[in-house]
>>> print(open('my_file05.txt').read())   # compact mmCIF, C-alpha atoms
# COMPACT_ATOMS: atom_id res chain seq x y z
CA MET A 1 0.00 0.00 0.00
CA ARG A 2 3.04 2.29 -0.31
CA LEU A 3 2.83 5.17 -2.74
CA PRO A 4 5.87 5.47 -5.05
CA PRO A 5 7.39 9.00 -5.16
CA SER A 6 6.20 9.67 -8.70
CA VAL A 7 2.59 8.88 -7.74
CA ARG A 8 2.96 11.08 -4.70
CA ILE A 9 4.18 14.04 -6.76
CA ALA A 10 1.39 13.53 -9.28
CA LEU A 11 -1.19 13.43 -6.48
CA LEU A 12 0.24 16.56 -4.91
CA ALA A 13 0.21 18.42 -8.23
CA ALA A 14 -3.34 17.34 -9.05
CA ALA A 15 -4.66 18.17 -5.57
CA ALA A 16 -2.94 21.55 -5.58
CA ALA A 17 -4.25 22.40 -9.06
CA LEU A 18 -7.82 21.41 -8.20
CA ILE A 19 -7.84 23.22 -4.85
CA LEU A 20 -6.30 26.37 -6.37
CA ALA A 21 -8.85 26.33 -9.19
CA ALA A 22 -11.65 25.86 -6.63
CA ALA A 23 -10.21 28.68 -4.52
CA TYR A 24 -10.07 31.03 -7.48
CA LEU A 25 -13.58 30.17 -8.63
CA GLY A 26 -15.07 30.11 -5.14
CA LEU A 27 -13.33 33.08 -3.59
CA VAL A 28 -12.95 35.40 -6.57
CA ALA A 29 -14.89 34.53 -9.71
CA VAL A 30 -18.24 33.29 -8.41
CA GLU A 31 -20.99 35.70 -7.36
CA VAL A 32 -22.73 35.03 -4.08
CA PRO A 33 -26.14 33.58 -5.10
CA GLU A 34 -29.29 35.64 -4.76
CA SER A 35 -30.69 33.68 -1.83
CA TRP A 36 -27.60 34.33 0.30
CA ARG A 37 -27.23 38.07 -0.31
CA ASP A 38 -29.46 39.24 2.52
CA GLU A 39 -27.58 37.25 5.15
CA THR A 40 -25.52 39.21 7.70
CA ALA A 41 -22.26 38.34 5.96
CA PRO A 42 -23.00 37.12 2.41
CA ASP A 43 -19.34 36.46 1.61
CA MET A 44 -19.32 33.78 4.31
CA PHE A 45 -21.04 31.72 1.64
CA ARG A 46 -17.55 31.24 0.18
CA THR A 47 -16.40 29.26 3.21
CA MET A 48 -18.80 26.58 2.01
CA PHE A 49 -16.40 25.38 -0.72
CA PHE A 50 -13.84 24.29 1.87
CA HIS A 51 -16.30 23.38 4.59
CA VAL A 52 -18.21 20.87 2.48
CA ALA A 53 -15.01 19.38 1.05
CA SER A 54 -13.37 18.86 4.43
CA ALA A 55 -16.56 17.43 5.95
CA TRP A 56 -16.81 15.00 3.03
CA VAL A 57 -13.18 13.91 3.51
CA ALA A 58 -13.77 13.46 7.26
CA TYR A 59 -16.76 11.15 6.65
CA LEU A 60 -14.81 9.29 3.95
CA ALA A 61 -11.82 8.88 6.28
CA PHE A 62 -13.96 7.53 9.13
CA GLY A 63 -15.65 5.17 6.69
CA VAL A 64 -12.21 3.91 5.67
CA THR A 65 -11.37 3.42 9.37
CA PHE A 66 -14.51 1.32 9.79
CA VAL A 67 -13.66 -0.84 6.78
CA GLY A 68 -10.03 -1.16 7.90
CA SER A 69 -11.14 -2.18 11.41
CA ALA A 70 -13.58 -4.80 10.16
CA MET A 71 -11.02 -6.17 7.68
CA TYR A 72 -8.40 -6.36 10.42
CA LEU A 73 -10.68 -8.45 12.64
CA ARG A 74 -11.39 -10.76 9.70
CA SER A 75 -7.89 -11.15 8.36
CA ARG A 76 -5.58 -10.27 11.30
CA ARG A 77 -3.27 -8.48 8.92
CA LEU A 78 -1.61 -5.45 10.50
CA GLU A 79 -1.76 -3.53 7.20
CA TRP A 80 -5.49 -3.11 7.74
CA ASP A 81 -4.89 -1.81 11.24
CA ALA A 82 -2.34 0.69 9.92
CA LEU A 83 -4.90 1.83 7.34
CA ALA A 84 -7.63 2.23 9.97
CA ALA A 85 -5.37 4.16 12.35
CA SER A 86 -3.88 6.43 9.68
CA SER A 87 -7.26 7.22 8.22
CA ALA A 88 -8.68 8.04 11.67
CA GLU A 89 -5.85 10.46 12.32
CA VAL A 90 -6.27 12.23 8.98
CA GLY A 91 -10.05 12.19 9.47
CA VAL A 92 -9.80 13.95 12.83
CA VAL A 93 -7.77 16.74 11.22
CA PHE A 94 -10.27 17.24 8.41
CA CYS A 95 -13.18 16.95 10.85
CA THR A 96 -11.64 19.72 12.96
CA VAL A 97 -11.31 21.89 9.85
CA ALA A 98 -14.94 21.13 8.93
CA ILE A 99 -16.19 22.04 12.42
CA ILE A 100 -14.23 25.31 12.57
CA SER A 101 -15.09 26.40 9.03
CA GLY A 102 -18.71 25.38 9.63
CA SER A 103 -18.85 27.51 12.76
CA LEU A 104 -17.58 30.54 10.85
CA PHE A 105 -20.11 29.84 8.11
CA ALA A 106 -22.86 29.55 10.72
CA LYS A 107 -21.86 32.84 12.33
CA GLY A 108 -22.19 34.58 8.98
CA THR A 109 -25.53 33.05 8.08
CA TRP A 110 -27.40 32.13 11.26
CA GLY A 111 -25.64 34.70 13.47
CA VAL A 112 -24.38 32.08 15.94
CA TYR A 113 -21.32 29.84 15.87
CA TRP A 114 -23.14 26.67 16.84
CA LEU A 115 -26.66 25.32 17.04
CA TRP A 116 -27.02 22.77 19.81
CA ASP A 117 -30.20 21.30 18.38
CA ASP A 118 -29.01 20.70 14.84
CA LEU A 119 -28.62 17.07 13.86
CA LYS A 120 -25.78 17.45 11.36
CA LEU A 121 -23.72 19.64 13.67
CA MET A 122 -24.18 17.29 16.60
CA MET A 123 -23.40 14.20 14.52
CA THR A 124 -20.17 15.74 13.31
CA LEU A 125 -19.19 16.67 16.86
CA VAL A 126 -20.00 13.14 18.09
CA LEU A 127 -17.90 11.64 15.28
CA TRP A 128 -15.05 13.96 16.20
CA LEU A 129 -15.30 12.92 19.87
CA VAL A 130 -15.48 9.21 18.97
CA PHE A 131 -12.35 9.37 16.86
CA VAL A 132 -10.42 11.54 19.28
CA ALA A 133 -11.23 8.83 21.85
CA TYR A 134 -10.09 6.22 19.31
CA LEU A 135 -6.71 7.96 19.02
CA ALA A 136 -6.49 8.20 22.83
CA LEU A 137 -7.16 4.45 23.04
CA ARG A 138 -4.32 3.72 20.63
CA ALA A 139 -1.98 6.04 22.50
CA ASN A 140 -2.67 4.18 25.77
CA MET A 141 -2.27 0.63 24.50
CA PRO A 142 1.20 -0.84 24.29
CA GLY A 143 1.59 -3.98 22.18
CA ARG A 144 0.98 -3.97 18.45
CA GLN A 145 -1.46 -6.88 18.08
CA ARG A 146 -3.58 -6.08 21.12
CA ARG A 147 -3.76 -2.42 20.15
CA ALA A 148 -4.94 -3.45 16.72
CA SER A 149 -7.80 -5.66 17.96
CA LEU A 150 -8.96 -3.33 20.72
CA SER A 151 -8.99 -0.26 18.52
CA ALA A 152 -10.69 -2.18 15.71
CA VAL A 153 -13.52 -3.16 18.08
CA PHE A 154 -13.85 0.42 19.29
CA GLY A 155 -13.71 1.80 15.73
CA ILE A 156 -16.60 -0.49 14.79
CA ILE A 157 -18.75 0.48 17.81
CA GLY A 158 -18.00 4.16 17.17
CA VAL A 159 -19.26 3.95 13.61
CA ILE A 160 -22.24 1.73 14.52
CA CYS A 161 -23.58 4.47 16.77
CA ILE A 162 -23.92 6.84 13.80
CA PRO A 163 -26.89 5.14 12.05
CA LEU A 164 -28.43 4.63 15.50
CA SER A 165 -28.21 8.37 16.07
CA PHE A 166 -29.82 9.03 12.72
CA ALA A 167 -32.68 6.76 13.74
CA ALA A 168 -33.15 8.97 16.79
CA ASN A 169 -33.17 12.17 14.74
CA ARG A 170 -36.91 12.90 14.75
CA ILE A 171 -36.39 14.62 18.09
CA TRP A 172 -34.21 17.28 16.53
CA VAL A 173 -34.57 19.71 13.68
CA THR A 174 -31.94 20.42 11.09
CA THR A 175 -31.23 23.96 9.98
CA HIS A 176 -28.13 22.90 8.10
CA PRO A 177 -28.48 23.62 4.38
CA THR A 178 -28.42 20.57 2.12
CA VAL A 179 -26.61 22.13 -0.79
CA ILE A 180 -25.81 18.89 -2.57
CA ALA A 181 -29.22 17.25 -2.31
CA SER A 182 -31.26 20.29 -3.35
CA SER A 183 -29.98 20.34 -6.97
CA SER A 184 -26.94 22.47 -7.64
CA GLY A 185 -29.11 25.07 -9.45
CA ASP A 186 -29.71 26.57 -6.01
CA ILE A 187 -26.14 27.80 -5.70
CA GLY A 188 -25.50 28.54 -9.37
CA PRO A 189 -23.41 26.57 -11.90
CA GLY A 190 -20.15 28.41 -11.11
CA SER A 191 -20.42 27.58 -7.43
CA ALA A 192 -21.38 23.99 -8.20
CA LEU A 193 -18.25 23.61 -10.33
CA ALA A 194 -16.08 25.21 -7.62
CA LEU A 195 -17.57 22.84 -5.05
CA LEU A 196 -16.96 19.83 -7.28
CA LEU A 197 -13.32 20.81 -7.90
CA SER A 198 -12.82 21.46 -4.22
CA VAL A 199 -14.26 18.07 -3.21
CA LEU A 200 -12.10 16.30 -5.79
CA GLY A 201 -9.00 18.25 -4.72
CA PHE A 202 -9.57 17.52 -1.04
CA THR A 203 -10.15 13.84 -1.79
CA LEU A 204 -6.81 13.61 -3.62
CA LEU A 205 -5.17 15.49 -0.75
CA TYR A 206 -6.65 12.91 1.64
CA VAL A 207 -5.25 10.04 -0.42
CA LEU A 208 -1.84 11.73 -0.47
CA VAL A 209 -1.73 12.43 3.27
CA LEU A 210 -3.06 8.94 4.03
CA GLY A 211 -0.31 7.45 1.88
CA MET A 212 2.35 9.46 3.70
CA ARG A 213 0.89 8.52 7.08
CA LEU A 214 0.93 4.84 6.10
CA GLU A 215 4.56 5.23 5.13
CA VAL A 216 5.31 6.53 8.64
CA GLU A 217 3.51 3.52 10.13
CA HIS A 218 5.50 1.23 7.88
CA LEU A 219 8.81 2.83 8.87
CA ARG A 220 7.84 2.52 12.52
CA ASP A 221 7.25 -1.23 12.09
CA GLU A 222 10.58 -1.58 10.29
CA LEU A 223 12.30 0.27 13.12
CA GLU A 224 10.69 -2.01 15.71
CA ALA A 225 11.82 -5.05 13.75
CA LEU A 226 15.39 -3.69 13.57
CA LYS A 227 15.40 -2.84 17.25
CA SER A 228 14.28 -6.32 18.26
CA ARG A 229 16.97 -7.85 16.01
CA VAL A 230 19.69 -5.66 17.53
CA GLY A 231 18.35 -6.45 21.00
CA ASP A 232 18.88 -10.22 20.49
CA MET B 1 -24.97 -20.07 27.05
CA THR B 2 -24.65 -22.67 29.82
CA ALA B 3 -21.81 -20.82 31.56
CA VAL B 4 -23.71 -17.54 31.85
CA PRO B 5 -25.37 -18.30 35.23
CA ALA B 6 -22.04 -19.49 36.65
CA ILE B 7 -20.26 -16.30 35.57
CA LEU B 8 -23.14 -14.19 36.88
CA ALA B 9 -23.04 -15.96 40.27
CA LYS B 10 -19.25 -15.57 40.45
CA GLU B 11 -19.39 -11.85 39.65
CA LEU B 12 -22.12 -11.18 42.19
CA ARG B 13 -20.24 -13.16 44.84
CA VAL B 14 -17.11 -11.06 44.21
CA GLU B 15 -19.18 -7.87 44.43
CA MET B 16 -20.81 -8.97 47.69
CA ARG B 17 -17.53 -9.96 49.25
CA SER B 18 -15.96 -6.59 48.63
CA LYS B 19 -18.74 -4.52 50.15
CA GLN B 20 -16.64 -1.39 50.20
CA THR B 21 -16.80 -1.15 46.39
CA ILE B 22 -20.62 -1.03 46.31
CA ASN B 23 -20.54 1.51 49.09
CA ALA B 24 -18.10 3.60 47.10
CA TYR B 25 -20.45 3.71 44.07
CA LEU B 26 -23.35 4.73 46.29
CA LEU B 27 -21.23 7.44 47.87
CA LEU B 28 -20.07 8.68 44.47
CA SER B 29 -23.64 8.91 43.25
CA LEU B 30 -24.63 10.78 46.41
CA LEU B 31 -21.75 13.21 45.92
CA ILE B 32 -22.55 13.88 42.27
CA LEU B 33 -26.15 14.69 43.23
CA ALA B 34 -24.89 16.84 46.10
CA SER B 35 -22.64 18.75 43.68
CA PHE B 36 -25.61 19.52 41.46
CA ARG B 37 -27.74 20.48 44.46
CA PHE B 38 -25.14 22.76 45.98
CA SER B 39 -24.19 24.51 42.76
CA LEU B 40 -27.83 24.97 41.71
CA ALA B 41 -28.88 26.22 45.15
CA LEU B 42 -27.37 29.59 44.21
CA PHE B 43 -30.08 30.07 41.60
CA ASP B 44 -33.74 29.25 41.49
CA PRO B 45 -33.96 27.04 38.41
CA ASP B 46 -36.97 25.11 37.14
CA TYR B 47 -36.07 21.73 38.64
CA GLN B 48 -38.83 19.92 36.80
CA THR B 49 -37.00 20.71 33.53
CA LEU B 50 -33.50 20.11 34.87
CA ALA B 51 -34.49 16.83 36.56
CA ALA B 52 -33.95 14.49 33.59
CA PRO B 53 -30.45 15.73 32.66
CA ILE B 54 -29.33 15.73 36.31
CA LEU B 55 -30.67 12.25 37.00
CA TRP B 56 -29.14 10.68 33.89
CA THR B 57 -25.80 12.46 34.20
CA THR B 58 -25.53 11.10 37.74
CA ILE B 59 -26.50 7.60 36.67
CA PHE B 60 -24.06 7.58 33.76
CA PHE B 61 -21.07 8.82 35.69
CA SER B 62 -21.56 6.81 38.86
CA GLY B 63 -22.68 3.79 36.79
CA MET B 64 -19.50 3.83 34.71
CA PHE B 65 -17.42 3.30 37.81
CA SER B 66 -19.57 0.36 38.86
CA ILE B 67 -19.15 -1.33 35.46
CA ALA B 68 -15.41 -0.69 35.25
CA PRO B 69 -14.10 -3.25 37.80
CA SER B 70 -15.79 -6.31 36.27
CA TYR B 71 -12.99 -6.70 33.73
CA ARG B 72 -10.26 -4.71 35.42
CA ARG B 73 -10.07 -6.90 38.49
CA GLU B 74 -9.52 -9.96 36.29
CA ALA B 75 -6.50 -8.20 34.81
CA GLU B 76 -5.25 -6.92 38.17
CA GLN B 77 -5.64 -10.16 40.10
CA GLY B 78 -4.35 -12.35 37.31
CA THR B 79 -7.60 -14.31 37.05
CA ARG B 80 -7.98 -13.37 33.40
CA ASP B 81 -5.79 -16.27 32.30
CA GLY B 82 -7.96 -18.69 34.24
CA LEU B 83 -11.05 -17.28 32.59
CA LEU B 84 -9.43 -17.61 29.15
CA LEU B 85 -8.33 -21.18 29.83
CA ALA B 86 -11.76 -22.27 31.01
CA PRO B 87 -13.75 -23.99 28.25
CA VAL B 88 -16.23 -21.11 28.15
CA PRO B 89 -16.92 -18.95 25.10
CA ALA B 90 -16.01 -15.27 25.52
CA SER B 91 -19.57 -14.28 24.69
CA ASP B 92 -20.82 -16.20 27.77
CA VAL B 93 -18.32 -14.33 29.93
CA TYR B 94 -19.61 -11.09 28.42
CA LEU B 95 -23.27 -11.94 29.10
CA GLY B 96 -22.57 -13.09 32.66
CA LYS B 97 -20.60 -9.98 33.48
CA MET B 98 -23.14 -7.77 31.80
CA LEU B 99 -25.99 -9.26 33.83
CA SER B 100 -24.01 -8.86 37.02
CA SER B 101 -23.31 -5.20 36.19
CA LEU B 102 -27.01 -4.82 35.45
CA VAL B 103 -27.90 -6.08 38.95
CA VAL B 104 -25.35 -3.78 40.62
CA LEU B 105 -26.40 -0.80 38.51
CA SER B 106 -30.10 -1.37 39.23
CA ALA B 107 -29.40 -1.25 42.96
CA LEU B 108 -27.31 1.87 42.41
CA GLU B 109 -30.14 3.47 40.42
CA ALA B 110 -32.75 2.71 43.08
CA PHE B 111 -30.54 4.50 45.58
CA THR B 112 -29.79 7.37 43.17
CA VAL B 113 -33.47 7.97 42.39
CA ALA B 114 -34.32 7.96 46.10
CA VAL B 115 -31.61 10.49 46.93
CA PHE B 116 -32.52 12.52 43.87
CA LEU B 117 -36.17 12.80 44.96
CA ALA B 118 -35.06 13.75 48.45
CA PHE B 119 -32.70 16.47 47.18
CA PHE B 120 -34.74 18.04 44.40
CA PRO B 121 -38.34 19.29 44.50
CA VAL B 122 -39.50 17.15 41.57
CA ASP B 123 -42.90 15.50 41.01
CA VAL B 124 -43.11 12.14 39.29
CA PRO B 125 -46.62 11.92 37.83
CA GLU B 126 -46.03 8.51 36.19
CA PRO B 127 -43.65 6.40 38.33
CA GLY B 128 -44.26 3.32 36.15
CA ALA B 129 -43.17 5.09 32.98
CA LEU B 130 -40.06 6.46 34.74
CA VAL B 131 -39.06 2.97 35.91
CA ALA B 132 -39.61 1.55 32.42
CA LEU B 133 -37.37 4.19 30.82
CA LEU B 134 -34.72 3.73 33.50
CA ALA B 135 -34.73 -0.02 32.90
CA LEU B 136 -34.52 0.26 29.09
CA GLY B 137 -31.82 2.94 29.20
CA THR B 138 -29.81 0.93 31.71
CA VAL B 139 -29.73 -2.21 29.56
CA GLY B 140 -28.28 -0.30 26.59
CA PHE B 141 -25.85 1.53 28.85
CA VAL B 142 -24.61 -1.65 30.55
CA ALA B 143 -24.38 -3.56 27.25
CA VAL B 144 -22.04 -1.08 25.59
CA GLY B 145 -20.43 -0.16 28.93
CA SER B 146 -19.34 -3.75 29.58
CA LEU B 147 -17.77 -4.10 26.16
CA ILE B 148 -15.87 -0.84 26.55
CA ALA B 149 -14.90 -1.76 30.12
CA ALA B 150 -13.35 -4.93 28.66
CA ILE B 151 -11.38 -2.77 26.23
CA SER B 152 -10.29 -0.16 28.77
CA ALA B 153 -9.21 -2.81 31.33
CA ASN B 154 -6.21 -3.45 29.07
CA LEU B 155 -5.18 0.16 28.70
CA ARG B 156 -2.82 2.38 30.62
CA GLN B 157 -4.82 4.83 32.74
CA SER B 158 -7.82 2.53 32.47
CA GLU B 159 -9.84 4.51 35.03
CA VAL B 160 -9.77 7.60 32.82
CA MET B 161 -10.04 5.74 29.55
CA LEU B 162 -13.41 4.14 30.32
CA PRO B 163 -15.37 7.42 30.39
CA VAL B 164 -13.24 8.81 27.53
CA LEU B 165 -14.28 5.90 25.31
CA LEU B 166 -17.81 5.41 26.61
CA VAL B 167 -19.22 8.95 26.66
CA PRO B 168 -18.89 9.69 22.91
CA VAL B 169 -20.63 6.43 22.04
CA LEU B 170 -23.47 7.00 24.50
CA LEU B 171 -23.99 10.72 23.95
CA PHE B 172 -26.15 10.68 20.90
CA THR B 173 -27.77 7.31 21.46
CA VAL B 174 -28.76 6.35 25.00
CA VAL B 175 -28.16 9.73 26.66
CA MET B 176 -30.29 11.76 24.26
CA SER B 177 -33.20 9.34 24.10
CA ALA B 178 -33.22 8.59 27.82
CA VAL B 179 -33.12 12.26 28.78
CA SER B 180 -35.74 13.18 26.18
CA GLY B 181 -38.11 10.42 27.33
CA THR B 182 -37.57 11.07 31.04
CA ALA B 183 -38.14 14.81 30.59
CA GLN B 184 -41.47 14.11 28.91
CA VAL B 185 -42.49 11.65 31.64
CA LEU B 186 -41.69 14.22 34.32
CA THR B 187 -43.91 16.77 32.59
CA GLY B 188 -46.84 14.38 32.65
CA ALA B 189 -46.47 12.07 29.63
CA SER B 190 -47.57 8.45 30.10
CA LEU B 191 -45.62 5.45 28.83
CA ASP B 192 -47.67 5.57 25.61
CA GLY B 193 -46.65 9.21 25.18
CA VAL B 194 -42.97 8.27 25.16
CA ALA B 195 -43.40 5.03 23.18
CA GLU B 196 -41.03 6.34 20.51
CA GLU B 197 -38.19 6.95 22.98
CA ALA B 198 -38.88 3.64 24.71
CA ARG B 199 -38.67 1.83 21.37
CA LEU B 200 -35.42 3.61 20.52
CA LEU B 201 -33.90 2.71 23.88
CA ALA B 202 -34.98 -0.90 23.37
CA ALA B 203 -33.42 -0.86 19.89
CA PHE B 204 -30.14 0.53 21.27
CA ALA B 205 -30.16 -2.16 23.94
CA VAL B 206 -30.61 -4.92 21.33
CA VAL B 207 -27.93 -3.54 19.01
CA PHE B 208 -25.42 -2.99 21.82
CA VAL B 209 -25.97 -6.44 23.36
CA ALA B 210 -25.53 -7.98 19.90
CA ALA B 211 -22.38 -5.91 19.25
CA GLY B 212 -20.92 -6.92 22.61
CA TYR B 213 -21.84 -10.57 22.14
CA LEU B 214 -20.13 -10.69 18.74
CA LEU B 215 -17.10 -8.47 19.40
CA ILE B 216 -16.07 -9.51 22.93
CA GLU B 217 -14.10 -12.44 21.52
CA TYR B 218 -11.64 -10.03 19.87
CA VAL B 219 -11.24 -8.08 23.09
CA MET B 220 -10.73 -11.03 25.43
CA GLU B 221 -8.22 -13.01 23.40
CA GLY B 222 -4.50 -13.21 24.11
>>> encode(input="my_file05.txt", output="structure tokens")
Amino acid sequence: MRLPPSVRIALLAAAAALILAAAYLGLVAVEVPESWRDETAPDMFRTMFFHVASAWVAYLAFGVTFVGSAMYLRSRRLEWDALAASSAEVGVVFCTVAIISGSLFAKGTWGVYWLWDDLKLMMTLVLWLVFVAYLALRANMPGRQRRASLSAVFGIIGVICIPLSFAANRIWVTTHPTVIASSSGDIGPGSALALLLSVLGFTLLYVLVLGMRLEVEHLRDELEALKSRVGD
Amino acid sequence: MTAVPAILAKELRVEMRSKQTINAYLLLSLLILASFRFSLALFDPDYQTLAAPILWTTIFFSGMFSIAPSYRREAEQGTRDGLLLAPVPASDVYLGKMLSSLVVLSALEAFTVAVFLAFFPVDVPEPGALVALLALGTVGFVAVGSLIAAISANLRQSEVMLPVLLVPVLLFTVVMSAVSGTAQVLTGASLDGVAEEARLLAAFAVVFVAAGYLLIEYVMEG
């Protein structure tokens, strides 16, 4: 699962090009759509391009952690554990970005940084808490194999509680705009394109960072192996 | 399934023999309620509204400590190896320990509710509905709590790690539904009125017991 340097450079170039194009379109070229102009800070609309992309990457990353965890328990191959752990770490970073950018977006549109009764906001915060706890679990468990099984079990429970929470959602309202679902005409074709480029760019960035993080994990294993050989 | 009663009996015997641990949970629960009572005494809040969050927060935090030792003492006293060597499936160990925690937690809750009603001026129009919600919420809580206690027993700083791992999983599932249902019961809803919450809590209980039953094997091994 190691990325060769040429692939890494290509990924970096593609991600940078896409994100820069999205930034130009989203921050400079695109007009704020009609429906957003009477908000307190209409230009906050532009945060959306990065907010949606980082939230998408966070969900994707946690999904990868779930798959990696399940595959580890099935196959007992440490590569799957490395994938789950690396993806969780990258996911927490993107989730933090999504929460902060979302709060700024909310301040500009709803006038408050956070709504404590909004389903999407709460779900994202719960996911963030679950995966921060997941990283804390890994940090407190010595022993490679045991850490892998324990964190895989926790990763699975953490993700299982998400559909359960959605089942419970009738109690809460959601004020969060559903830009993607409500046909892109709502935000205008320029914005839709910027959003698409941004999501693609962030996804490539995720793959790149995940690859580099896996490399670190791999080097760490190699180092452990060397250490135990020298120790003999 | 045949080993479940044996494990349950063993766990309860251990709990009964170390009476100071049960007393410590009761004391902790009393102190959490006292903290709420003292800090809120400065204001004049609407206790009928605050009742459900206070009651459940107390149950969750004191309950966590009562679930924690069931796996940790096996690790500390070196009896874990014996349990692993016994020809008993891990899922039976999980069920036995879960049931034992359920018994201990139910006793703890009876005490907590009594102290709670003594401390706070709260009416309970439908005691039956309150007991039903407490029971359903507790099963889900204990089911996932036992599994996570089994995980955290292996960790460094296991005392801190149990709440760190358990709270995020419970927050949006059991906590929200239990508090929502209890709040409605305390403002006069009958059990039919909170049927939706009761069903959700029952669903969480089923899913969490199933998850624990299937996953405990990976936690207990080697």
>>> axis_aligned_box(input="my_file05.txt", around="range 11-15 of chain A", padding_each_side="8 Å", output="JSON")
{"center_x": -2.2, "center_y": 15.9, "center_z": -7.0, "size_x": 20.9, "size_y": 21.0, "size_z": 20.1}
>>> interface_residues(input="my_file05.txt", of="chain A", to="chain B", cutoff="10 Å", atoms="only C-alpha atoms", output="PyMOL selection string")
chain A and resi 73+119+122-123+125-134+136-142+145-154+156-171
>>> atom_distance(input="my_file05.txt", atom1="CA of Arg213 in chain A", atom2="CA of Leu3 in chain A")
10.6 Å
>>> closest_residue(input="my_file05.txt", among="B:Ala34, B:Ala68, B:Leu83, B:Val194", to="Ser101 in chain B", atoms="only C-alpha atoms")
B:Ala68
>>> residues_around(input="my_file05.txt", residues="Ala132 in chain B", least_positions_apart="3", cutoff="12 Å", atoms="only C-alpha atoms", output="number ranges by chain")
B: 126-129, 135-139, 178, 181-182, 185, 190-192, 194-195, 197-199, 201-202
>>> atom_distance(input="my_file05.txt", atom1="CA of Ala84 in chain A", atom2="CA of Gly68 in chain A")
4.6 Å
